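*Asks:* Here's a structure for you.
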Amino acid sequence: MFNFSNLFRSLPTVSSILPVRYRARKCTRERKAKINKKNRAANLAKARKYIPLLKKKQLDKSSRTIETFPWRTSNDDVYLGLFNQMRRYNLLEAILAHRELHHPTMINMPNAPLNVRLEIDLTTDKKNKFVDKYHKIIELPHPYDHGEDRTIIAFCQSAEMMEEARNAGAMLVGGKDVIKSIESLPNKLRRRWRRFFVSVAQTSRWQCGTKVTQFAMMRAVISPNPAQCKKFSRGLIMLPDFQYVLAHPDILTELPAIRGLLRKRYPSLQHGSLTLDLVAMIKHYIKGIKYNMQVDPYDESLGIVEMKIGQLTDEPEHLIENFETLFKDIMTKAPKRAEQTQFIIRCLAQTPASKEKFNINLSPFISTEEDSESDSDSDDEDEIKKKQRI
Amino acid sequence: MDGLLRNFSKLLLVQSPIQQFNRTLIILKRRHPVQLQKKNSKHKPVLKGRHFIYDVEESPERMKQEKMNVILTQYVEGVGHQGELVSVRPTYAYDQLLLPKLAIYASPDNLERMKNNLYQTKDEEKPSSIHALQTVKYLKKMVVSVSMNKDEPWTIEPWHIRVSLRKMNVHVLSDDSIELPEQPISGPDLTLEGKSFVVHITINKKERVPVECNLHHWSTKLADRLPQTKFFTRTPVPIFPEQAELLMSMRENTNKN
C-alpha cells in the first residue's frame, strides 16, 4: 500500500531549503551601524533633493491666478473673454460694474461688502529667502465697523496715564506690580490655574446650558479695579489672553523681566507699540482695521492679502482712497531687488455674493508712488526713511 | 574578411539610411571626461562604461522653430483677412493653412502678385475684424441665463443683458450694440420662468447675431430660490410666439454642429 506519510517525510522541509540566517557577529553589527550613521547625513541630503519635484506638483495647487492667453488683446466692440487676456478695469469701473449686478432688479444686495484680493510676489534677490508673513493694523481714511473683539494690555507708571488708558478702552492697565505678578508666577502654578478655569467653564456651561468660554470667565474675573487686580493678579493674568501689549517708555526699565514671555509681542518702537502717546495708540489699536498677509501654503513666493475696503453703497472716491492707503502700506514691505519687478502682481475686486472677479489696473497707484519717491531727493527725508527701516 | 563574416548577421539588421526621416546634426558631450594619455604611447585610451554616457548639447528637434510667412487666400478666423501676409509657426502653417489651401507660400512671385491686389477683396465684403466671425459662431451657440429678482419689480433693459453676458465671460463694451425685442418684458412674473426670448447683438456695427436668452427668477433669500434646471439642453419655450421659428432654427443649427 502507498503510504502518504512516507512521501511527505521524503520531501525536503522548508527549513532545509532556505538558508538559515544567523544573527551577525557583534563586531560586524557595530561596524555596519557605524557606516549607517556615517551615511545618514548623505541619505538625508538625498531625500531633500526630492523636495523640488514635490513642490513642482504642489505648484498646481497654488491659488495664483493664471491667465490662459495673456498676450492676446481684442479691439472689438464685443469679444470673448475666454480667448483673450483678462479685461482690465479701473477701480471706479469695477465698483460701478459690481453695483450693476447688485442692483435691486438683479441680485438685490446693494450694500454688499467690497473685498479686494492682492497677490504679492515675495521673492528676494536670494534664492531661498522670501518676505515673511505679517499682519498689521492700519488706519483707513474712511473706516468702517469691523466686528472684532480686541484685547489690549497697557503698561505705564503714572496714575493719571493709567486712568486715561483705561478710559480709552484698554482691557487691563498695569504698572510695576502687574509685571512682577506675571514674572513671579511659576509655570506649574499657571498651568494649574488654567486647568481650573477650563473645568469651571465646562461645568458652568453644563449647568447653565449656555456657552461660557474660558476667555469669558477670565474677563468676568479681571475687573478694571486696581485693588481687585492686585488681589487676583497672581495667576490670573495670562499673557496668551491678550492680543496686543502696549507700553509707555517710562516703564521701560521694568519690562525686560517679561521679555521671554511676550516674545514677538514685546513692545518696541518698530511696531509702534512703545509710544509716548499711549492713549492715541490704544484708540488706534481698537478702531484700526487689520489686514493679514498670508503666504500661500503651496507656493512660498506668493503672498495673499484679502481685505474689505468698504461697502458698495459708499462713495467710490472713498473706496478708492481706502484702497490707495492699503496699497501704499503694503508697498512699504517691498524688498529691494536687483531687477525692478512689481511687488504687487495682481488685484482682484470681488464681492461674497457673486463669482465675478475684476482684474484691476494698478498702474495709476504705482505711478503716484514713483512720483513721491522722485520728489523726496533731499537728504533729510532719506535719513528719516533709513530710520524707519531700522 | 574574417571580421566581415563574423559580423555579417549584424550587417543585415542595419537599417538603410534612406528610411531616416531627417538627417541632422546632433552635438553630444561626454558626461565623464576620458583620462589623458601619455605622449606617443602605444596603448589605446582606456574607455569604460561610464565614458559612453552622453549629454545632448544641441539638437535641431529641441530648438524652437522660427516663424514662417504665408499669404492667406481666404479669411481665416483668428489669423487674418484674405490677401494678408501673416507669420505663423511652421507646423501650424503646413497642417492648418497650406494643406487645406487656405494660404500659399510667401515666395517672391507670390509677394509681387499680392502687391498687385490680386488676392485682395473689397472692404465691404470683409468681416469687421479677425475675431469677429469666431465670436459670431460662439454667440449663436450660447444660451444666456438672465436672472432677475423674484421680489422687486423690473423691466428688462439692455444693461441687464450686458451684465448677464459679462457673467458668462462675454464682454460687451456699449449698450448700443444690444437690441431687445420690441415688446417690453417686465416682472416678476412666474409664468415667464424658464422661457426664452431672442436678443440681437451687433459686433463692430456690422455683424448682427441673434442670441437666445433664458429668463430666471432669483431670490436673495436662500429658502425662496427656485431649483436649478438644465435650461440650455431643453427645447426652448418662447415668450413671444413670433420668435418661435427663429428659436427652433437656432437650436437645430447648434445640434447639427
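Here, A, B, ... name the chains of the C-alpha cells in the order displayed, residue numbers run from 1 inside each chain, and ligands are numbered from 1 in the same displayed order.
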Give me the residues near Val172 of chain B as a ChimeraX atom specification, where near means some atom within 8 Å (using only C-alpha atoms) and where sequence neighbours in that chain fewer than 6 positions away do not count.
*Replies:* /A:77-79 /B:162,165-166
*Asks:* Would you mind exporting the chosen residues as an mmCIF file, in the first residue's frame, restricted to N, CA and C atoms?
*Replies:*
```
data_model
loop_
_atom_site.group_PDB
_atom_site.id
_atom_site.type_symbol
_atom_site.label_atom_id
_atom_site.label_comp_id
_atom_site.auth_asym_id
_atom_site.auth_seq_id
_atom_site.Cartn_x
_atom_site.Cartn_y
_atom_site.Cartn_z
ATOM 1 N N ASP A 77 -15.751 95.465 -30.495
ATOM 2 C CA ASP A 77 -16.826 96.038 -29.686
ATOM 3 C C ASP A 77 -17.364 94.976 -28.728
ATOM 4 N N VAL A 78 -17.490 93.772 -29.254
ATOM 5 C CA VAL A 78 -17.960 92.628 -28.475
ATOM 6 C C VAL A 78 -16.901 91.544 -28.600
ATOM 7 N N TYR A 79 -16.396 91.042 -27.489
ATOM 8 C CA TYR A 79 -15.377 89.994 -27.610
ATOM 9 C C TYR A 79 -15.511 88.965 -26.502
ATOM 10 N N ARG B 162 -26.340 92.966 -20.781
ATOM 11 C CA ARG B 162 -24.886 93.140 -20.788
ATOM 12 C C ARG B 162 -24.259 92.494 -19.553
ATOM 13 N N LEU B 165 -24.358 88.746 -19.797
ATOM 14 C CA LEU B 165 -23.329 88.275 -20.729
ATOM 15 C C LEU B 165 -21.948 88.345 -20.082
ATOM 16 N N ARG B 166 -21.732 89.385 -19.278
ATOM 17 C CA ARG B 166 -20.446 89.528 -18.603
ATOM 18 C C ARG B 166 -20.209 88.390 -17.612
#
```
*Asks:* For the alpha helix (DSSP H) assignment from backbone DSSP, which residues of segment 40-252 of chain B qualify? Please present them as an MDAnalysis selection string.
*Replies:* chainID B and resid 90:92 108:115 132:141 158:167 244:252
*Asks:* Next, dump the selected residues to file, keeping only C-alpha atoms, as a compact mmCIF listing (two decimals), in the first residue's frame.
*Replies:*
```
# COMPACT_ATOMS: atom_id res chain seq x y z
CA PRO B 90 5.72 76.16 -39.50
CA THR B 91 3.79 73.14 -38.22
CA TYR B 92 0.62 75.18 -37.92
CA PRO B 108 8.88 86.45 -54.35
CA ASP B 109 6.44 85.79 -57.22
CA ASN B 110 3.50 85.45 -54.88
CA LEU B 111 4.54 88.58 -52.99
CA GLU B 112 4.52 90.58 -56.21
CA ARG B 113 1.06 89.31 -57.02
CA MET B 114 -0.06 90.29 -53.56
CA LYS B 115 1.17 93.83 -54.18
CA ALA B 132 -15.49 88.76 -35.36
CA LEU B 133 -16.72 85.58 -37.05
CA GLN B 134 -15.36 83.49 -34.18
CA THR B 135 -17.48 85.46 -31.71
CA VAL B 136 -20.48 85.16 -34.03
CA LYS B 137 -20.14 81.37 -34.02
CA TYR B 138 -19.77 81.32 -30.25
CA LEU B 139 -22.71 83.63 -29.59
CA LYS B 140 -25.05 81.64 -31.84
CA LYS B 141 -24.48 78.51 -29.76
CA PRO B 158 -30.05 96.46 -22.40
CA TRP B 159 -27.70 96.71 -19.41
CA HIS B 160 -29.37 93.68 -17.79
CA ILE B 161 -28.38 91.65 -20.84
CA ARG B 162 -24.89 93.14 -20.79
CA VAL B 163 -24.37 92.14 -17.13
CA SER B 164 -25.62 88.60 -17.70
CA LEU B 165 -23.33 88.28 -20.73
CA ARG B 166 -20.45 89.53 -18.60
CA LYS B 167 -21.19 86.80 -16.08
CA ALA B 244 -40.72 80.54 -32.05
CA GLU B 245 -39.42 79.72 -35.55
CA LEU B 246 -36.18 81.63 -35.06
CA LEU B 247 -35.52 79.88 -31.74
CA MET B 248 -36.14 76.42 -33.19
CA SER B 249 -33.90 77.08 -36.21
CA MET B 250 -31.09 78.30 -33.94
CA ARG B 251 -31.29 75.15 -31.83
CA GLU B 252 -31.28 72.91 -34.91
```
*Asks:* Within 9 Å of chain B, which residues of chain A come that close, and what is the closest atom pair and distance in Å for each? Count only C-alpha atoms and give it as a Markdown table.
*Replies:*
```
| residue | atom | partner | partner_atom | distance |
| --- | --- | --- | --- | --- |
| A:Ser74 | CA | B:His131 | CA | 8.0 |
| A:Asn75 | CA | B:Ser129 | CA | 8.4 |
| A:Asp76 | CA | B:Asn204 | CA | 6.3 |
| A:Asp77 | CA | B:Asn204 | CA | 5.2 |
| A:Val78 | CA | B:Val172 | CA | 4.7 |
| A:Tyr79 | CA | B:His171 | CA | 5.5 |
| A:Leu80 | CA | B:Val170 | CA | 4.7 |
| A:Gly81 | CA | B:Asn169 | CA | 5.0 |
| A:Leu82 | CA | B:Asn169 | CA | 6.6 |
| A:Arg87 | CA | B:His171 | CA | 8.4 |
| A:Ala97 | CA | B:Val163 | CA | 8.1 |
| A:Glu100 | CA | B:Val163 | CA | 7.3 |
| A:Leu101 | CA | B:Val163 | CA | 6.7 |
| A:Pro104 | CA | B:Glu152 | CA | 6.6 |
| A:Thr105 | CA | B:Asn149 | CA | 5.3 |
| A:Met106 | CA | B:Met148 | CA | 4.6 |
| A:Ile107 | CA | B:Asn149 | CA | 6.2 |
| A:Asn108 | CA | B:Thr220 | CA | 6.6 |
| A:Met109 | CA | B:Thr220 | CA | 7.6 |
| A:Lys355 | CA | B:Lys167 | CA | 8.2 |
| A:Glu356 | CA | B:Lys167 | CA | 6.7 |
```
*Asks:* Among segment 276-374 of chain A, which ones does DSSP place in strand (DSSP E), written as a list in words?
*Replies:*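 Result set for segment 276-374 of chain A (strand (DSSP E)): Ile289, Lys290, Tyr291, Asn292, Met293, Gln294, Val295, Leu302, Gly303, Ile304, Val305, Glu306, Met307, Lys308, Ile309, Gly310, Gln311, Ile344, Ile345, Arg346, Cys347, Leu348, Ala349, Gln350, Phe358, Asn359 and Ile360 of chain A.
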*Asks:* For segment 66-75 of chain B, please output as a PyMOL selection string all residues within 9 Å (counting only C-alpha atoms; exclusion window: fewer than 4 positions along the same chain).
*Replies:* chain B and resi 79-90+93+97-98+101-107+110-111+114+119-120+126-127+130
*Asks:* Find the residues near Ile137 of chain A: any atom within 10 Å, counting only C-alpha atoms, skip ones fewer than 3 places away on the same chain, and give them as a tab-separated table (two decimals) with N, CA and C atoms, in the first residue's frame.
*Replies:*
```tsv
chain	number	residue	atom	x	y	z
A	140	LEU	N	-7.63	103.54	8.05
A	140	LEU	CA	-8.17	103.92	6.75
A	140	LEU	C	-8.76	105.33	6.84
A	284	HIS	N	-6.04	103.66	18.35
A	284	HIS	CA	-5.69	103.15	17.01
A	284	HIS	C	-5.82	101.63	16.97
A	285	TYR	N	-5.37	100.97	18.04
A	285	TYR	CA	-5.41	99.51	18.06
A	285	TYR	C	-6.84	98.99	18.16
A	286	ILE	N	-7.72	99.78	18.78
A	286	ILE	CA	-9.11	99.32	18.89
A	286	ILE	C	-9.89	99.60	17.61
A	287	LYS	N	-9.68	100.82	17.04
A	287	LYS	CA	-10.52	101.22	15.91
A	287	LYS	C	-9.91	100.90	14.55
A	288	GLY	N	-8.61	100.73	14.51
A	288	GLY	CA	-7.94	100.49	13.23
A	288	GLY	C	-8.40	99.20	12.59
A	289	ILE	N	-8.09	99.04	11.33
A	289	ILE	CA	-8.54	97.86	10.59
A	289	ILE	C	-7.34	96.98	10.27
A	290	LYS	N	-7.55	95.70	10.54
A	290	LYS	CA	-6.44	94.75	10.47
A	290	LYS	C	-6.43	94.05	9.11
A	291	TYR	N	-5.26	93.92	8.56
A	291	TYR	CA	-5.15	93.07	7.37
A	291	TYR	C	-4.04	92.06	7.56
A	292	ASN	N	-4.19	90.97	6.87
A	292	ASN	CA	-3.34	89.81	7.11
A	292	ASN	C	-2.64	89.45	5.81
```
*Asks:* Which polymer residues have any atom within 10 Å of an atom of Ile330 of chain A, counting only C-alpha atoms, with same-chain residues fewer than 5 positions away left out, as a list in words?
*Replies:*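 The residues that qualify are Leu118, Ile120, Lys136, Tyr291, Met293, Val305, Glu324, Thr325, Phe343 and Ile344 of chain A.
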*Asks:* For Pro33 of chain B, list every protein, DNA or RNA residue within 12 Å, evaluated using only C-alpha atoms, and leave out those in the same chain fewer than 5 positions away; present the list as an mmCIF file with N, CA and C atoms, in the first residue's frame.
*Replies:*
```cif
data_model
loop_
_atom_site.group_PDB
_atom_site.id
_atom_site.type_symbol
_atom_site.label_atom_id
_atom_site.label_comp_id
_atom_site.auth_asym_id
_atom_site.auth_seq_id
_atom_site.Cartn_x
_atom_site.Cartn_y
_atom_site.Cartn_z
ATOM 1 N N PRO B 45 43.392 54.485 -25.592
ATOM 2 C CA PRO B 45 42.815 55.138 -24.408
ATOM 3 C C PRO B 45 41.861 54.189 -23.678
ATOM 4 N N VAL B 46 41.871 54.251 -22.348
ATOM 5 C CA VAL B 46 41.018 53.351 -21.556
ATOM 6 C C VAL B 46 39.606 53.917 -21.530
ATOM 7 N N LEU B 47 38.702 53.186 -22.140
ATOM 8 C CA LEU B 47 37.305 53.629 -22.150
ATOM 9 C C LEU B 47 36.475 52.654 -21.328
ATOM 10 N N LYS B 48 35.815 53.154 -20.328
ATOM 11 C CA LYS B 48 34.959 52.305 -19.506
ATOM 12 C C LYS B 48 33.492 52.595 -19.826
ATOM 13 N N GLY B 49 32.630 51.883 -19.144
ATOM 14 C CA GLY B 49 31.198 52.019 -19.413
ATOM 15 C C GLY B 49 30.700 53.435 -19.246
ATOM 16 N N ARG B 50 31.238 54.112 -18.219
ATOM 17 C CA ARG B 50 30.730 55.462 -17.949
ATOM 18 C C ARG B 50 31.104 56.459 -19.034
ATOM 19 N N HIS B 51 32.106 56.102 -19.849
ATOM 20 C CA HIS B 51 32.526 57.045 -20.873
ATOM 21 C C HIS B 51 31.587 57.061 -22.068
ATOM 22 N N PHE B 52 30.656 56.128 -22.086
ATOM 23 C CA PHE B 52 29.709 56.101 -23.213
ATOM 24 C C PHE B 52 28.374 56.733 -22.860
ATOM 25 N N ILE B 53 28.366 57.485 -21.764
ATOM 26 C CA ILE B 53 27.163 58.256 -21.430
ATOM 27 C C ILE B 53 27.323 59.653 -22.008
ATOM 28 N N TYR B 54 26.339 60.065 -22.786
ATOM 29 C CA TYR B 54 26.442 61.358 -23.468
ATOM 30 C C TYR B 54 25.291 62.270 -23.048
ATOM 31 N N ASP B 55 25.593 63.539 -23.042
ATOM 32 C CA ASP B 55 24.526 64.532 -22.865
ATOM 33 C C ASP B 55 24.337 65.272 -24.182
#
```
*Asks:* If you count only C-alpha atoms, which residues fall within 10 Å of Ala94 of chain A, apart from same-chain ones fewer than 4 positions away, as an MDAnalysis selection string?
*Replies:* chainID A and resid 88:90 98:100 316 348:350 357:361
*Asks:* Write a file of the just-selected residues containing C-alpha atoms, as a CSV table (one decimal), in the first residue's frame.
*Replies:*
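Result went into out04.csv, see below:
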```csv
chain,number,residue,atom,x,y,z
A,88,ARG,CA,-8.6,95.3,-17.0
A,89,TYR,CA,-10.8,97.6,-15.1
A,90,ASN,CA,-10.1,100.8,-13.3
A,98,HIS,CA,-20.4,95.4,-9.2
A,99,ARG,CA,-23.2,97.9,-8.4
A,100,GLU,CA,-25.0,96.9,-11.6
A,316,PRO,CA,-16.5,105.4,-4.9
A,348,LEU,CA,-9.0,91.3,-7.9
A,349,ALA,CA,-12.1,93.1,-6.7
A,350,GLN,CA,-14.9,90.8,-5.7
A,357,LYS,CA,-13.6,88.9,-10.2
A,358,PHE,CA,-12.5,92.1,-11.8
A,359,ASN,CA,-8.8,92.5,-12.6
A,360,ILE,CA,-7.9,95.9,-11.5
A,361,ASN,CA,-5.4,98.1,-13.3
```
